[in-house]
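A.B. asks: Structure file final-v7.cif (mmCIF, C-alpha atoms and all ligand atoms) is given on the next line.
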```cif
data_work
loop_
_atom_site.group_PDB
_atom_site.id
_atom_site.type_symbol
_atom_site.label_atom_id
_atom_site.label_comp_id
_atom_site.auth_asym_id
_atom_site.auth_seq_id
_atom_site.Cartn_x
_atom_site.Cartn_y
_atom_site.Cartn_z
ATOM 1 C CA MET A 1 23.830 -25.435 -20.754
ATOM 2 C CA ARG A 2 26.995 -25.448 -18.677
ATOM 3 C CA PHE A 3 26.133 -25.342 -14.963
ATOM 4 C CA LEU A 4 28.548 -24.385 -12.200
ATOM 5 C CA ILE A 5 27.052 -25.618 -8.905
ATOM 6 C CA THR A 6 28.476 -25.274 -5.398
ATOM 7 C CA ALA A 7 27.481 -27.573 -2.541
ATOM 8 C CA GLY A 8 28.160 -28.414 1.093
ATOM 9 C CA GLY A 9 29.275 -26.444 4.119
ATOM 10 C CA THR A 10 32.741 -24.919 4.056
ATOM 11 C CA ARG A 11 35.289 -25.668 6.791
ATOM 12 C CA GLU A 12 37.199 -22.798 8.360
ATOM 13 C CA TYR A 13 40.250 -24.122 10.151
ATOM 14 C CA ILE A 14 41.220 -22.957 13.643
ATOM 15 C CA ASP A 15 44.319 -25.165 13.671
ATOM 16 C CA PRO A 16 45.414 -28.156 11.508
ATOM 17 C CA VAL A 17 42.785 -30.490 12.995
ATOM 18 C CA ARG A 18 39.896 -28.258 14.110
ATOM 19 C CA PHE A 19 37.460 -26.218 12.119
ATOM 20 C CA ILE A 20 34.247 -24.183 12.261
ATOM 21 C CA SER A 21 31.526 -25.362 9.897
ATOM 22 C CA ASN A 22 27.748 -25.664 9.661
ATOM 23 C CA ALA A 23 25.077 -28.352 9.395
ATOM 24 C CA SER A 24 24.849 -28.396 5.578
ATOM 25 C CA THR A 25 25.060 -31.913 4.105
ATOM 26 C CA GLY A 26 25.257 -30.897 0.444
ATOM 27 C CA LYS A 27 22.049 -32.754 -0.485
ATOM 28 C CA MET A 28 20.461 -29.855 -2.370
ATOM 29 C CA GLY A 29 23.572 -28.993 -4.396
ATOM 30 C CA TYR A 30 24.193 -32.644 -5.302
ATOM 31 C CA ALA A 31 20.487 -33.089 -6.242
ATOM 32 C CA LEU A 32 20.759 -30.023 -8.505
ATOM 33 C CA ALA A 33 23.898 -31.416 -10.128
ATOM 34 C CA ARG A 34 22.165 -34.763 -10.779
ATOM 35 C CA ALA A 35 19.011 -33.067 -12.111
ATOM 36 C CA ALA A 36 21.046 -30.892 -14.499
ATOM 37 C CA LEU A 37 23.009 -33.928 -15.741
ATOM 38 C CA GLN A 38 19.794 -35.908 -16.230
ATOM 39 C CA ALA A 39 18.399 -33.032 -18.295
ATOM 40 C CA GLY A 40 21.450 -33.308 -20.573
ATOM 41 C CA HIS A 41 23.450 -30.346 -19.269
ATOM 42 C CA GLU A 42 27.170 -30.115 -18.450
ATOM 43 C CA VAL A 43 27.963 -29.793 -14.737
ATOM 44 C CA THR A 44 30.977 -28.661 -12.733
ATOM 45 C CA LEU A 45 30.333 -29.298 -9.044
ATOM 46 C CA ILE A 46 32.479 -27.376 -6.574
ATOM 47 C CA THR A 47 31.992 -29.213 -3.329
ATOM 48 C CA ALA A 48 32.941 -28.690 0.284
ATOM 49 C CA PRO A 49 33.374 -31.995 2.183
ATOM 50 C CA THR A 50 30.179 -34.099 2.296
ATOM 51 C CA ALA A 51 29.332 -37.768 2.901
ATOM 52 C CA LEU A 52 27.570 -37.975 -0.480
ATOM 53 C CA LYS A 53 28.510 -39.999 -3.541
ATOM 54 C CA PRO A 54 29.658 -37.690 -6.366
ATOM 55 C CA PRO A 55 27.168 -37.515 -9.264
ATOM 56 C CA ALA A 56 28.453 -39.590 -12.196
ATOM 57 C CA GLY A 57 29.284 -37.381 -15.144
ATOM 58 C CA ALA A 58 29.959 -34.156 -13.233
ATOM 59 C CA LYS A 59 33.382 -32.547 -13.134
ATOM 60 C CA LEU A 60 34.136 -32.549 -9.412
ATOM 61 C CA VAL A 61 36.231 -29.844 -7.740
ATOM 62 C CA ARG A 62 36.866 -30.521 -4.064
ATOM 63 C CA VAL A 63 37.477 -27.593 -1.708
ATOM 64 C CA GLU A 64 37.332 -27.047 2.034
ATOM 65 C CA SER A 65 37.283 -23.377 2.978
ATOM 66 C CA ALA A 66 35.309 -20.361 1.759
ATOM 67 C CA ALA A 67 38.561 -18.946 0.355
ATOM 68 C CA GLN A 68 39.193 -22.127 -1.645
ATOM 69 C CA MET A 69 35.587 -22.139 -2.886
ATOM 70 C CA PHE A 70 35.990 -18.512 -3.991
ATOM 71 C CA ALA A 71 39.193 -19.372 -5.906
ATOM 72 C CA ALA A 72 37.460 -22.335 -7.607
ATOM 73 C CA VAL A 73 34.391 -20.258 -8.557
ATOM 74 C CA LYS A 74 36.684 -17.584 -10.029
ATOM 75 C CA GLU A 75 38.495 -20.243 -12.038
ATOM 76 C CA TYR A 76 35.370 -21.872 -13.533
ATOM 77 C CA LEU A 77 32.907 -18.957 -13.731
ATOM 78 C CA ALA A 78 33.945 -17.783 -17.176
ATOM 79 C CA ARG A 79 33.198 -21.230 -18.589
ATOM 80 C CA CYS A 80 29.597 -21.529 -17.361
ATOM 81 C CA ASP A 81 26.166 -20.325 -18.435
ATOM 82 C CA CYS A 82 24.648 -20.552 -14.988
ATOM 83 C CA LEU A 83 26.093 -20.347 -11.482
ATOM 84 C CA ILE A 84 24.013 -21.933 -8.707
ATOM 85 C CA MET A 85 25.395 -21.209 -5.229
ATOM 86 C CA ALA A 86 23.800 -23.956 -3.137
ATOM 87 C CA ALA A 87 26.809 -24.172 -0.785
ATOM 88 C CA ALA A 88 26.559 -22.992 2.797
ATOM 89 C CA VAL A 89 29.609 -20.742 2.664
ATOM 90 C CA ALA A 90 30.912 -19.627 6.050
ATOM 91 C CA ASP A 91 30.436 -15.887 6.574
ATOM 92 C CA TYR A 92 33.426 -15.766 8.952
ATOM 93 C CA THR A 93 36.783 -17.505 9.217
ATOM 94 C CA PRO A 94 39.420 -17.514 11.990
ATOM 95 C CA ALA A 95 41.545 -14.369 11.676
ATOM 96 C CA HIS A 96 44.701 -16.116 12.945
ATOM 97 C CA PRO A 97 44.570 -19.891 12.319
ATOM 98 C CA ALA A 98 47.292 -21.720 14.262
ATOM 99 C CA ARG A 99 49.935 -23.589 12.245
ATOM 100 C CA THR A 100 50.303 -26.222 14.925
ATOM 101 C CA LYS A 101 47.657 -27.947 17.057
ATOM 102 C CA LEU A 102 46.438 -25.716 19.866
ATOM 103 C CA LYS A 103 47.182 -27.006 23.351
ATOM 104 C CA LYS A 104 44.472 -26.994 25.979
ATOM 105 C CA GLN A 105 44.852 -24.418 28.715
ATOM 106 C CA ALA A 106 42.994 -23.649 31.907
ATOM 107 C CA ALA A 107 42.050 -20.152 30.745
ATOM 108 C CA ARG A 108 39.139 -19.304 28.447
ATOM 109 C CA LEU A 109 39.893 -19.111 24.750
ATOM 110 C CA THR A 110 38.558 -16.344 22.508
ATOM 111 C CA LEU A 111 38.609 -16.834 18.735
ATOM 112 C CA GLU A 112 38.848 -13.816 16.494
ATOM 113 C CA LEU A 113 36.897 -14.202 13.242
ATOM 114 C CA LYS A 114 37.086 -12.120 10.089
ATOM 115 C CA PRO A 115 34.486 -11.918 7.302
ATOM 116 C CA THR A 116 34.919 -14.095 4.208
ATOM 117 C CA VAL A 117 34.255 -12.880 0.663
ATOM 118 C CA ASP A 118 30.580 -13.127 -0.330
ATOM 119 C CA ILE A 119 31.162 -15.166 -3.495
ATOM 120 C CA LEU A 120 27.703 -14.627 -4.952
ATOM 121 C CA LYS A 121 27.808 -10.894 -4.319
ATOM 122 C CA TRP A 122 31.231 -10.739 -5.961
ATOM 123 C CA ALA A 123 29.931 -12.627 -9.022
ATOM 124 C CA GLY A 124 26.899 -10.326 -9.230
ATOM 125 C CA ARG A 125 29.139 -7.272 -9.091
ATOM 126 C CA GLN A 126 31.310 -8.637 -11.913
ATOM 127 C CA ARG A 127 28.221 -8.891 -14.062
ATOM 128 C CA ARG A 128 26.990 -5.435 -13.099
ATOM 129 C CA VAL A 129 30.242 -3.735 -14.071
ATOM 130 C CA GLY A 130 30.058 -5.620 -17.369
ATOM 131 C CA CYS A 131 33.096 -7.805 -16.797
ATOM 132 C CA ALA A 132 32.336 -10.326 -19.539
ATOM 133 C CA HIS A 133 35.208 -12.576 -18.457
ATOM 134 C CA HIS A 134 33.546 -13.290 -15.125
ATOM 135 C CA SER A 135 29.899 -13.161 -16.145
ATOM 136 C CA PRO A 136 27.685 -16.183 -16.435
ATOM 137 C CA ALA A 137 24.369 -15.573 -18.207
ATOM 138 C CA LEU A 138 22.415 -16.636 -15.130
ATOM 139 C CA MET A 139 23.011 -16.559 -11.379
ATOM 140 C CA VAL A 140 20.976 -18.378 -8.745
ATOM 141 C CA GLY A 141 21.350 -17.995 -4.987
ATOM 142 C CA PHE A 142 19.912 -19.650 -1.911
ATOM 143 C CA ALA A 143 18.733 -17.945 1.254
ATOM 144 C CA LEU A 144 18.330 -19.619 4.611
ATOM 145 C CA GLU A 145 16.001 -17.533 6.731
ATOM 146 C CA ASP A 146 14.329 -18.082 10.074
ATOM 147 C CA ARG A 147 12.494 -14.719 10.000
ATOM 148 C CA ASP A 148 10.748 -12.669 7.285
ATOM 149 C CA LEU A 149 11.755 -15.328 4.776
ATOM 150 C CA ARG A 150 10.399 -13.793 1.585
ATOM 151 C CA ALA A 151 11.313 -10.177 2.413
ATOM 152 C CA ASN A 152 14.902 -11.101 3.328
ATOM 153 C CA ALA A 153 15.297 -13.375 0.317
ATOM 154 C CA GLU A 154 13.981 -10.706 -2.031
ATOM 155 C CA ARG A 155 16.530 -8.260 -0.629
ATOM 156 C CA LYS A 156 19.311 -10.782 -1.382
ATOM 157 C CA LEU A 157 17.928 -11.240 -4.924
ATOM 158 C CA ARG A 158 18.263 -7.479 -5.496
ATOM 159 C CA GLU A 159 21.482 -6.823 -3.589
ATOM 160 C CA LYS A 160 23.386 -9.727 -5.138
ATOM 161 C CA HIS A 161 21.985 -8.999 -8.649
ATOM 162 C CA LEU A 162 20.599 -12.515 -9.063
ATOM 163 C CA ASP A 163 18.183 -13.978 -11.585
ATOM 164 C CA MET A 164 16.641 -16.341 -9.044
ATOM 165 C CA ILE A 165 16.635 -16.779 -5.276
ATOM 166 C CA ILE A 166 15.533 -19.963 -3.528
ATOM 167 C CA ALA A 167 14.581 -19.433 0.103
ATOM 168 C CA ASN A 168 14.104 -22.073 2.739
ATOM 169 C CA ALA A 169 13.953 -22.399 6.522
ATOM 170 C CA PRO A 170 16.616 -23.949 8.806
ATOM 171 C CA GLY A 171 14.605 -27.215 8.969
ATOM 172 C CA ALA A 172 15.721 -27.868 5.393
ATOM 173 C CA ILE A 173 19.336 -28.438 6.468
ATOM 174 C CA GLY A 174 20.261 -32.099 6.178
ATOM 175 C CA ALA A 175 16.643 -33.110 5.462
ATOM 176 C CA ASP A 176 15.553 -35.136 2.426
ATOM 177 C CA THR A 177 12.517 -32.931 1.914
ATOM 178 C CA SER A 178 12.071 -29.169 2.185
ATOM 179 C CA THR A 179 9.630 -26.367 1.424
ATOM 180 C CA LEU A 180 11.082 -23.887 -1.031
ATOM 181 C CA HIS A 181 10.071 -20.355 -1.943
ATOM 182 C CA ILE A 182 11.401 -19.328 -5.339
ATOM 183 C CA LYS A 183 11.498 -15.825 -6.795
ATOM 184 C CA THR A 184 12.820 -14.617 -10.124
ATOM 185 C CA ALA A 185 13.426 -10.958 -10.861
ATOM 186 C CA ASP A 186 10.244 -10.425 -12.892
ATOM 187 C CA ARG A 187 7.842 -13.133 -11.641
ATOM 188 C CA ASP A 188 5.884 -13.669 -8.446
ATOM 189 C CA TRP A 189 6.814 -16.200 -5.758
ATOM 190 C CA VAL A 190 6.489 -19.927 -6.482
ATOM 191 C CA GLN A 191 6.182 -22.227 -3.464
ATOM 192 C CA ILE A 192 7.117 -25.929 -3.525
ATOM 193 C CA ASN A 193 5.696 -27.639 -0.437
ATOM 194 C CA SER A 194 7.672 -30.306 1.467
ATOM 195 C CA ALA A 195 9.006 -32.015 -1.646
ATOM 196 C CA TYR A 196 11.974 -34.358 -1.949
ATOM 197 C CA LYS A 197 15.080 -32.365 -2.837
ATOM 198 C CA THR A 198 15.531 -34.605 -5.891
ATOM 199 C CA THR A 199 12.062 -33.564 -7.123
ATOM 200 C CA SER A 200 12.442 -29.852 -6.414
ATOM 201 C CA ALA A 201 15.953 -29.895 -7.937
ATOM 202 C CA ALA A 202 14.537 -31.105 -11.276
ATOM 203 C CA ARG A 203 11.892 -28.351 -11.117
ATOM 204 C CA ILE A 204 14.547 -25.693 -10.345
ATOM 205 C CA ILE A 205 16.659 -26.801 -13.319
ATOM 206 C CA ARG A 206 13.573 -26.549 -15.565
ATOM 207 C CA MET A 207 12.805 -23.051 -14.216
ATOM 208 C CA VAL A 208 16.409 -21.939 -14.784
ATOM 209 C CA THR A 209 16.532 -23.236 -18.346
ATOM 210 C CA ALA A 210 13.197 -21.476 -19.041
ATOM 211 C CA LEU A 211 14.781 -18.190 -17.891
ATOM 212 C CA ARG A 212 17.437 -18.549 -20.523
ATOM 213 C CA ALA A 213 15.037 -19.357 -23.371
HETATM 214 N N1 LIG B 301 27.100 -17.004 -0.133
HETATM 215 C C1 LIG B 301 28.286 -16.785 -0.832
HETATM 216 N N2 LIG B 301 29.412 -16.422 -0.141
HETATM 217 C C2 LIG B 301 29.388 -16.258 1.194
HETATM 218 C C3 LIG B 301 28.179 -16.458 1.913
HETATM 219 C C4 LIG B 301 27.050 -16.842 1.219
HETATM 220 O O1 LIG B 301 28.304 -16.923 -2.054
HETATM 221 N N3 LIG B 301 30.501 -15.915 1.833
HETATM 222 C C5 LIG B 301 25.899 -17.384 -0.893
HETATM 223 C C6 LIG B 301 25.287 -18.702 -0.494
HETATM 224 O O2 LIG B 301 25.822 -19.784 -1.231
HETATM 225 C C7 LIG B 301 23.805 -18.490 -0.813
HETATM 226 C C8 LIG B 301 23.604 -17.005 -0.607
HETATM 227 O O3 LIG B 301 24.903 -16.421 -0.645
HETATM 228 O O4 LIG B 301 23.524 -18.797 -2.161
HETATM 229 C C9 LIG B 301 22.906 -16.592 0.659
HETATM 230 O O5 LIG B 301 23.594 -16.973 1.786
HETATM 231 P P1 LIG B 301 23.045 -16.628 3.261
HETATM 232 O O6 LIG B 301 24.065 -17.076 4.246
HETATM 233 O O7 LIG B 301 21.624 -17.068 3.428
HETATM 234 O O8 LIG B 301 22.989 -15.080 3.227
HETATM 235 P P2 LIG B 301 23.989 -13.980 3.596
HETATM 236 O O9 LIG B 301 24.011 -13.064 2.419
HETATM 237 O O10 LIG B 301 25.282 -14.555 4.058
HETATM 238 O O11 LIG B 301 23.241 -13.188 4.748
HETATM 239 P P3 LIG B 301 22.887 -13.583 6.264
HETATM 240 O O12 LIG B 301 23.776 -14.731 6.652
HETATM 241 O O13 LIG B 301 23.164 -12.330 6.977
HETATM 242 O O14 LIG B 301 21.420 -13.927 6.227
#
```
Could you take the file, read its structure, and then write that structure out as structure tokens?
Ligand code: CTP
C.D. replies:
Amino acid sequence: MRFLITAGGTREYIDPVRFISNASTGKMGYALARAALQAGHEVTLITAPTALKPPAGAKLVRVESAAQMFAAVKEYLARCDCLIMAAAVADYTPAHPARTKLKKQAARLTLELKPTVDILKWAGRQRRVGCAHHSPALMVGFALEDRDLRANAERKLREKHLDMIIANAPGAIGADTSTLHIKTADRDWVQINSAYKTTSAARIIRMVTALRA
């Protein structure tokens, strides 16, 4: 299969040297890319900046912002069988980024943010309206939830028209191990308890390939 996997936390620039981001390290997305490669699949990895070594054998596409990640997903989506959005895409970006470095002032500073495009939702909509050009066979999303984890994740599965949602709690960010709750459209929840991301990544890839069979 041809996998398109996104990883890392996007950077939303305030000025040329400052940005808003999140605590994602990219570990899960990179582990998924490695697991897919090890299982003999083709992988394009769209990655926001991380400190991780790129998986050997993957086509690497480096991006920074949510807008750049959206453009890259649009470019590669038609050539994949499965999109896995493991990236922590910023939901908001500065409405008026400064072209030159902001100078410090005595007064308070208020930043205006505007929503970014929900890439996964966009991809799901493409599939729903039957746009074959932008429609991978399978779409997998992640959900980071600190409350009502399964209920919220299941809503995202439905609303974003996904085949699989993988929910975890904020403690998973940056950690080597995490507890995952996985739901596919027509099966009950599967829970993977505090497993190494490398181990759960291999299991996720097996579950995804089984969906296609
Ligand atoms: N996602 C995306 N584009 C965005 C934001 C998120 O494609 N602009 C994807 C993420 O990669 C993840 C999934 O959507 O696979 C869920 O992201 P999450 O932030 O947990 O959910 P949201 O839908 O943004 O909802 P909320 O933040 O309100 O919980």
A.B. asks: Restricting the calculation to all atoms listed in the file, which member of A:Ala98, A:Ile84, A:Ala202, A:Ala151 is positioned closest to ligand LIG 301 (chain B)?
C.D. replies: A:Ile84
A.B. asks: Report the distance between CA of Ile205 in chain A and CA of Ala39 in chain A in Å, rounded to one decimal place.
C.D. replies: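 Separation between CA of Ile205 in chain A and CA of Ala39 in chain A: 8.2 Å.
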A.B. asks: Apply the PyMOL selection byres (((not hetatm)) within 9 of (chain B and resi 301)) to the structure shown and report the selected residues as a short mmCIF file (atom, residue, chain, number, x, y, z; two decimals) with C-alpha atoms, in the frame of the given file.
C.D. replies:
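This went into selection.cif:
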```cif
data_model
loop_
_atom_site.label_atom_id
_atom_site.label_comp_id
_atom_site.auth_asym_id
_atom_site.auth_seq_id
_atom_site.Cartn_x
_atom_site.Cartn_y
_atom_site.Cartn_z
CA THR A 6 28.48 -25.27 -5.40
CA ALA A 7 27.48 -27.57 -2.54
CA ALA A 66 35.31 -20.36 1.76
CA ALA A 67 38.56 -18.95 0.36
CA MET A 69 35.59 -22.14 -2.89
CA PHE A 70 35.99 -18.51 -3.99
CA ILE A 84 24.01 -21.93 -8.71
CA MET A 85 25.40 -21.21 -5.23
CA ALA A 86 23.80 -23.96 -3.14
CA ALA A 87 26.81 -24.17 -0.78
CA ALA A 88 26.56 -22.99 2.80
CA VAL A 89 29.61 -20.74 2.66
CA ALA A 90 30.91 -19.63 6.05
CA ASP A 91 30.44 -15.89 6.57
CA TYR A 92 33.43 -15.77 8.95
CA PRO A 115 34.49 -11.92 7.30
CA THR A 116 34.92 -14.10 4.21
CA VAL A 117 34.26 -12.88 0.66
CA ASP A 118 30.58 -13.13 -0.33
CA ILE A 119 31.16 -15.17 -3.50
CA LEU A 120 27.70 -14.63 -4.95
CA LYS A 121 27.81 -10.89 -4.32
CA TRP A 122 31.23 -10.74 -5.96
CA ALA A 123 29.93 -12.63 -9.02
CA VAL A 140 20.98 -18.38 -8.74
CA GLY A 141 21.35 -18.00 -4.99
CA PHE A 142 19.91 -19.65 -1.91
CA ALA A 143 18.73 -17.94 1.25
CA LEU A 144 18.33 -19.62 4.61
CA GLU A 145 16.00 -17.53 6.73
CA ASN A 152 14.90 -11.10 3.33
CA ALA A 153 15.30 -13.38 0.32
CA LYS A 156 19.31 -10.78 -1.38
CA LYS A 160 23.39 -9.73 -5.14
CA ILE A 165 16.64 -16.78 -5.28
CA ILE A 166 15.53 -19.96 -3.53
CA ALA A 167 14.58 -19.43 0.10
#
```
A.B. asks: Please write the residues picked by the PyMOL selection byres (((chain A and resi 36) around 9) and not hetatm) on this file as a PyMOL selection string.
C.D. replies: chain A and resi 1+3+31-35+37-43+201-202+205-206
A.B. asks: Would you mind exporting C-alpha atoms of the selected residues as an mmCIF file, keeping the file's coordinate frame?
C.D. replies:
```cif
data_model
loop_
_atom_site.group_PDB
_atom_site.id
_atom_site.type_symbol
_atom_site.label_atom_id
_atom_site.label_comp_id
_atom_site.auth_asym_id
_atom_site.auth_seq_id
_atom_site.Cartn_x
_atom_site.Cartn_y
_atom_site.Cartn_z
ATOM 1 C CA MET A 1 23.830 -25.435 -20.754
ATOM 2 C CA PHE A 3 26.133 -25.342 -14.963
ATOM 3 C CA ALA A 31 20.487 -33.089 -6.242
ATOM 4 C CA LEU A 32 20.759 -30.023 -8.505
ATOM 5 C CA ALA A 33 23.898 -31.416 -10.128
ATOM 6 C CA ARG A 34 22.165 -34.763 -10.779
ATOM 7 C CA ALA A 35 19.011 -33.067 -12.111
ATOM 8 C CA LEU A 37 23.009 -33.928 -15.741
ATOM 9 C CA GLN A 38 19.794 -35.908 -16.230
ATOM 10 C CA ALA A 39 18.399 -33.032 -18.295
ATOM 11 C CA GLY A 40 21.450 -33.308 -20.573
ATOM 12 C CA HIS A 41 23.450 -30.346 -19.269
ATOM 13 C CA GLU A 42 27.170 -30.115 -18.450
ATOM 14 C CA VAL A 43 27.963 -29.793 -14.737
ATOM 15 C CA ALA A 201 15.953 -29.895 -7.937
ATOM 16 C CA ALA A 202 14.537 -31.105 -11.276
ATOM 17 C CA ILE A 205 16.659 -26.801 -13.319
ATOM 18 C CA ARG A 206 13.573 -26.549 -15.565
#
```
A.B. asks: Rounded to one decimal place, report the CA of Leu83 in chain A-CA of Leu60 in chain A distance in Å.
C.D. replies: 14.8 Å
A.B. asks: Taking all atoms listed in the file into account, which of A:Asp186, A:Ile173, A:Arg150, A:Ile14 comes nearest Glu112 in chain A?
C.D. replies: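 Of A:Asp186, A:Ile173, A:Arg150, A:Ile14, the one nearest Glu112 in chain A, counting all atoms listed in the file, is A:Ile14.
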A.B. asks: If you measure from CA of Gln191 in chain A to CA of Glu159 in chain A, what distance in Å do you get, rounded to one decimal?
C.D. replies: 21.7 Å
A.B. asks: I need the residue nearest Tyr13 in chain A from this list: A:Ala213, A:Leu138, A:Ala95, A:Met28. Use all atoms listed in the file for the distance.
C.D. replies: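 Closest residue, counting all atoms listed in the file: A:Ala95.
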A.B. asks: Specify as a PyMOL selection string each residue included when the PyMOL selection byres (((chain A and resi 23-25) around 6) and not hetatm) is applied to this file.
C.D. replies: chain A and resi 8-9+22+26-27+50+173-174
A.B. asks: Identify which of the residues A:Leu45, A:Leu211, A:Arg2, A:Pro54 lies closest to Pro136 in chain A, counting all atoms listed in the file when measuring atom-to-atom distances.
C.D. replies: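 Residue with the minimum atom-to-atom distance to Pro136 in chain A: A:Arg2.
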A.B. asks: So which residues fall inside 12 Å of (38.6, -18.8, -15.1) if we count all atoms listed in the file? Mind giving them as a PDB file with C-alpha atoms, in the coordinates of the input?
C.D. replies:
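Wrote it out as result_25.pdb, contents follow:
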```
ATOM      1  CA  LEU A   4      28.548 -24.385 -12.200  1.00  0.00           C
ATOM      2  CA  PHE A  70      35.990 -18.512  -3.991  1.00  0.00           C
ATOM      3  CA  ALA A  71      39.193 -19.372  -5.906  1.00  0.00           C
ATOM      4  CA  ALA A  72      37.460 -22.335  -7.607  1.00  0.00           C
ATOM      5  CA  VAL A  73      34.391 -20.258  -8.557  1.00  0.00           C
ATOM      6  CA  LYS A  74      36.684 -17.584 -10.029  1.00  0.00           C
ATOM      7  CA  GLU A  75      38.495 -20.243 -12.038  1.00  0.00           C
ATOM      8  CA  TYR A  76      35.370 -21.872 -13.533  1.00  0.00           C
ATOM      9  CA  LEU A  77      32.907 -18.957 -13.731  1.00  0.00           C
ATOM     10  CA  ALA A  78      33.945 -17.783 -17.176  1.00  0.00           C
ATOM     11  CA  ARG A  79      33.198 -21.230 -18.589  1.00  0.00           C
ATOM     12  CA  CYS A  80      29.597 -21.529 -17.361  1.00  0.00           C
ATOM     13  CA  ALA A 132      32.336 -10.326 -19.539  1.00  0.00           C
ATOM     14  CA  HIS A 133      35.208 -12.576 -18.457  1.00  0.00           C
ATOM     15  CA  HIS A 134      33.546 -13.290 -15.125  1.00  0.00           C
ATOM     16  CA  SER A 135      29.899 -13.161 -16.145  1.00  0.00           C
ATOM     17  CA  PRO A 136      27.685 -16.183 -16.435  1.00  0.00           C
TER      18      PRO A 136
END
```
A.B. asks: Hey, which of A:His161, A:Lys197, A:Arg147, A:Arg108 ends up closest to Ala185 in chain A? Count all atoms listed in the file.
C.D. replies: A:His161
